[in-house]
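File shown: run12.txt. Contents: compact mmCIF, C-alpha atoms.
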# COMPACT_ATOMS: atom_id res chain seq x y z
CA MET A 849 37.32 122.35 148.54
CA ASN A 850 38.98 120.77 145.50
CA GLY A 851 37.66 123.03 142.75
CA TYR A 852 34.50 123.90 140.86
CA TYR A 853 31.84 122.39 138.63
CA ASN A 854 28.85 123.47 136.61
CA VAL A 855 26.08 121.74 134.68
CA ILE A 856 25.90 122.78 131.03
CA GLU A 857 22.92 121.97 128.84
CA SER A 858 23.94 120.61 125.44
CA PRO A 859 22.24 118.81 122.55
CA PHE A 860 23.83 115.65 123.96
CA GLY A 861 22.17 116.23 127.32
CA PRO A 862 23.66 117.78 130.43
CA LEU A 863 27.46 117.90 130.69
CA THR A 864 29.24 118.58 133.98
CA PRO A 865 32.76 119.99 133.72
CA VAL A 866 34.85 119.76 136.89
CA VAL A 867 37.91 122.00 137.23
CA ASP A 868 40.60 122.18 139.91
CA LEU A 869 41.30 125.36 141.88
CA ALA A 870 43.59 126.62 139.09
CA GLY A 871 40.86 126.11 136.46
CA ALA A 872 42.34 122.99 134.82
CA LEU A 873 39.72 120.53 133.62
CA GLN A 874 39.80 117.28 135.60
CA ILE A 875 36.55 115.57 134.58
CA LEU A 876 33.75 116.04 132.08
CA TYR A 877 30.74 113.99 133.14
CA PHE A 878 27.91 113.03 130.83
CA GLY A 879 24.77 113.97 132.68
CA GLU A 880 24.14 116.18 135.65
CA ASN A 881 26.58 115.51 138.44
CA HIS A 882 27.28 117.18 141.77
CA PRO A 883 30.78 116.03 142.69
CA SER A 884 31.62 115.97 146.38
CA GLY A 885 34.28 118.46 147.45
CA TYR A 886 33.63 120.84 144.53
CA ALA A 887 31.59 124.05 144.55
CA LEU A 888 29.00 124.94 141.92
CA ASN A 889 30.45 127.95 140.08
CA ALA A 890 29.57 128.79 136.46
CA GLU A 891 32.17 131.56 136.30
CA LYS A 892 35.05 129.21 137.17
CA THR A 893 34.00 126.75 134.43
CA ALA A 894 32.99 129.35 131.80
CA HIS A 895 36.14 128.73 129.73
CA VAL A 896 35.14 125.07 129.31
CA GLU A 897 31.55 125.93 128.41
CA ARG A 898 32.71 128.53 125.85
CA GLN A 899 34.95 126.04 124.05
CA LEU A 900 32.30 123.28 124.13
CA ARG A 901 29.76 125.67 122.58
CA GLU A 902 32.27 126.70 119.91
CA TYR A 903 32.87 123.02 119.12
CA LEU A 904 29.14 122.34 118.90
CA ASN A 905 28.68 125.39 116.66
CA ARG A 906 31.44 124.12 114.34
CA GLU A 907 33.61 127.09 115.25
CA ARG A 908 36.29 124.95 116.94
CA THR A 909 37.91 121.65 115.99
CA ASN A 910 40.57 121.53 118.71
CA PHE A 911 40.33 122.41 122.36
CA ASP A 912 42.82 124.67 124.09
CA LEU A 913 42.10 124.10 127.76
CA PRO A 914 44.33 123.45 130.72
CA LEU A 915 43.87 119.77 131.61
CA ASN A 916 44.57 117.92 134.84
CA PRO A 917 43.02 114.44 134.60
CA LYS A 918 44.00 111.89 137.20
CA GLY A 919 45.71 108.84 135.73
CA THR A 920 48.86 106.80 135.33
CA GLU A 921 51.76 107.73 133.08
CA PHE A 922 50.57 105.18 130.50
CA GLN A 923 47.01 106.55 130.58
CA HIS A 924 48.35 110.07 130.06
CA SER A 925 50.39 108.88 127.06
CA VAL A 926 47.25 107.39 125.51
CA TRP A 927 45.17 110.48 126.28
CA ARG A 928 47.81 112.72 124.66
CA LEU A 929 47.56 110.60 121.50
CA LEU A 930 43.78 110.92 121.52
CA THR A 931 44.05 114.71 121.37
CA LYS A 932 46.07 114.36 118.15
CA ILE A 933 43.36 112.46 116.26
CA PRO A 934 41.83 115.03 113.89
CA GLN A 935 38.13 115.76 114.07
CA GLY A 936 36.18 113.53 111.68
CA VAL A 937 38.89 110.83 111.70
CA THR A 938 38.94 107.55 113.59
CA ARG A 939 41.77 105.30 114.76
CA SER A 940 41.76 101.78 116.14
CA TYR A 941 43.15 100.70 119.49
CA GLY A 942 45.84 98.82 117.54
CA ASP A 943 46.77 101.99 115.63
CA LEU A 944 47.28 103.84 118.90
CA ALA A 945 49.28 100.98 120.41
CA LYS A 946 51.61 101.06 117.40
CA GLU A 947 51.97 104.85 117.67
CA LEU A 948 53.02 104.35 121.30
CA GLY A 949 55.67 101.86 120.16
CA ARG A 950 53.82 99.04 121.93
CA PRO A 951 52.05 97.11 119.14
CA GLY A 952 50.90 94.38 121.51
CA ALA A 953 49.22 96.79 123.91
CA SER A 954 45.83 97.21 122.17
CA ARG A 955 43.91 96.06 125.24
CA ALA A 956 45.87 98.35 127.55
CA VAL A 957 45.16 101.23 125.16
CA GLY A 958 41.49 100.25 125.22
CA ARG A 959 41.46 100.29 129.00
CA ALA A 960 43.17 103.71 129.12
CA ASN A 961 40.66 104.95 126.57
CA ALA A 962 37.78 103.63 128.70
CA THR A 963 39.07 105.44 131.79
CA ASN A 964 39.48 108.81 130.05
CA PRO A 965 37.78 111.27 132.45
CA ILE A 966 37.55 114.10 129.90
CA ALA A 967 35.46 112.68 127.06
CA ILE A 968 34.81 114.96 124.06
CA ILE A 969 37.73 117.25 125.02
CA VAL A 970 40.10 114.25 124.94
CA PRO A 971 38.25 112.57 122.04
CA CYS A 972 38.10 108.91 122.98
CA HIS A 973 34.96 108.63 120.82
CA ARG A 974 37.28 108.70 117.78
CA VAL A 975 38.67 105.26 118.65
CA ILE A 976 36.97 102.24 117.11
CA GLY A 977 37.57 98.52 116.83
CA SER A 978 40.10 97.23 114.29
CA ASN A 979 37.22 95.86 112.20
CA GLY A 980 35.66 99.34 111.99
CA THR A 981 32.89 98.74 114.52
CA LEU A 982 32.00 101.08 117.32
CA THR A 983 33.10 99.79 120.70
CA GLY A 984 32.35 100.88 124.27
CA TYR A 985 31.93 104.51 125.26
CA ALA A 986 31.24 106.10 128.66
CA GLY A 987 28.30 108.03 127.22
CA GLY A 988 26.94 104.95 125.44
CA LEU A 989 27.37 103.77 121.88
CA SER A 990 24.54 105.96 120.59
CA MET A 991 26.35 109.01 122.00
CA LYS A 992 29.60 107.88 120.36
CA GLU A 993 27.79 107.47 117.04
CA LYS A 994 26.18 110.92 117.36
CA LEU A 995 29.54 112.56 118.11
CA LEU A 996 31.22 110.83 115.15
CA GLU A 997 28.34 111.75 112.82
CA PHE A 998 28.50 115.35 114.01
CA GLU A 999 32.27 115.52 113.50
CA GLN A 1000 32.08 113.93 110.08
CA GLY A 1001 29.60 116.60 109.02
CA LEU A 1002 26.58 114.31 108.88
CA THR A 1003 24.59 116.46 111.27
CA ALA A 1004 24.20 120.22 111.33
CA ARG A 1005 25.29 122.67 114.00
CA LEU A 1006 23.93 121.65 117.35
CA PHE A 1007 23.38 125.10 118.91

Encoded form (structure tokens):
Amino acid sequence: MNGYYNVIESPFGPLTPVVDLAGALQILYFGENHPSGYALNAEKTAHVERQLREYLNRERTNFDLPLNPKGTEFQHSVWRLLTKIPQGVTRSYGDLAKELGRPGASRAVGRANATNPIAIIVPCHRVIGSNGTLTGYAGGLSMKEKLLEFEQGLTARLF
């Protein structure tokens, strides 16, 4: 066994957090998922559910969870930057590439963003195109728009 998962109902639909044996979040799936090699256990994922509910109740703007996503060193550098984007604020792929000291790496940043396995917690939805348009999102563009509207205070508490 590799760890634990649970399915959490949310206003955005089911979310499935997957944690390793130490309780570090590895994946947050949109939708109901039953990952192979992981045991269903609400107690082992309760810390993730608690912080997601606090976020959705506007009681939390930053997450404080142990994280263990699988990725390359470059992906991890991009994901760390994503966690520094304040709630309600957006950045472009080019902005992030410049922050990494690699101004020509916008596409690589976009690819790292697209492979982020811990959406919402590592807020890849806060990254938009340089022209201000919404671009791809694992949960779909309508989900990205809903998350941004929620964070910018355009929608009320969700729970």

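Across the structure, atom CA of A:Met849 and atom CA of A:Thr920 are spaced 23.4 Å apart.
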
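If you look at atom CA of A:Phe878 and atom CA of A:Ala956, they are 23.4 Å away from each other.
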
Compile the contact shell of stretch 932-937 of chain A as a count of residues only: residues with an atom at most 10 Å away, counting all atoms listed in the file, same-chain residues fewer than 4 positions apart removed. 18

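Our summary of the geometry notes that atom CA of A:Leu863 is positioned 13.8 Å from atom CA of A:Tyr903.
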
For stretch 960-968 of chain A, work out the shell of residues within 8 Å, counting all atoms listed in the file and skipping chain neighbours fewer than 5 positions away, then give it as a ChimeraX atom specification. /A:873-877,917-918,922-923,926-927,973,984-986

How would the residues just chosen look if you wrote them out with C-alpha atoms as a short mmCIF file (atom, residue, chain, number, x, y, z; two decimals), in the frame of the given file?
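Produced file out.cif, reproduced below:
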data_model
loop_
_atom_site.label_atom_id
_atom_site.label_comp_id
_atom_site.auth_asym_id
_atom_site.auth_seq_id
_atom_site.Cartn_x
_atom_site.Cartn_y
_atom_site.Cartn_z
CA LEU A 873 39.72 120.53 133.62
CA GLN A 874 39.80 117.28 135.60
CA ILE A 875 36.55 115.57 134.58
CA LEU A 876 33.75 116.04 132.08
CA TYR A 877 30.74 113.99 133.14
CA PRO A 917 43.02 114.44 134.60
CA LYS A 918 44.00 111.89 137.20
CA PHE A 922 50.57 105.18 130.50
CA GLN A 923 47.01 106.55 130.58
CA VAL A 926 47.25 107.39 125.51
CA TRP A 927 45.17 110.48 126.28
CA HIS A 973 34.96 108.63 120.82
CA GLY A 984 32.35 100.88 124.27
CA TYR A 985 31.93 104.51 125.26
CA ALA A 986 31.24 106.10 128.66
#

Is it possible to get the axis-aligned box enclosing stretch 935-954 of chain A (all listed atoms, 3 Å extra per side) as AutoDock Vina command-line options, with centre and edge lengths in Å rounded to one decimal?
--center_x 45.9 --center_y 105.1 --center_z 117.8 --size_x 25.5 --size_y 27.4 --size_z 18.2

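The residue set within 9 Å of A:Pro883, counting all atoms listed in the file and dropping same-chain residues fewer than 6 places from it, reads A:Tyr852, A:Tyr853, A:Val866.
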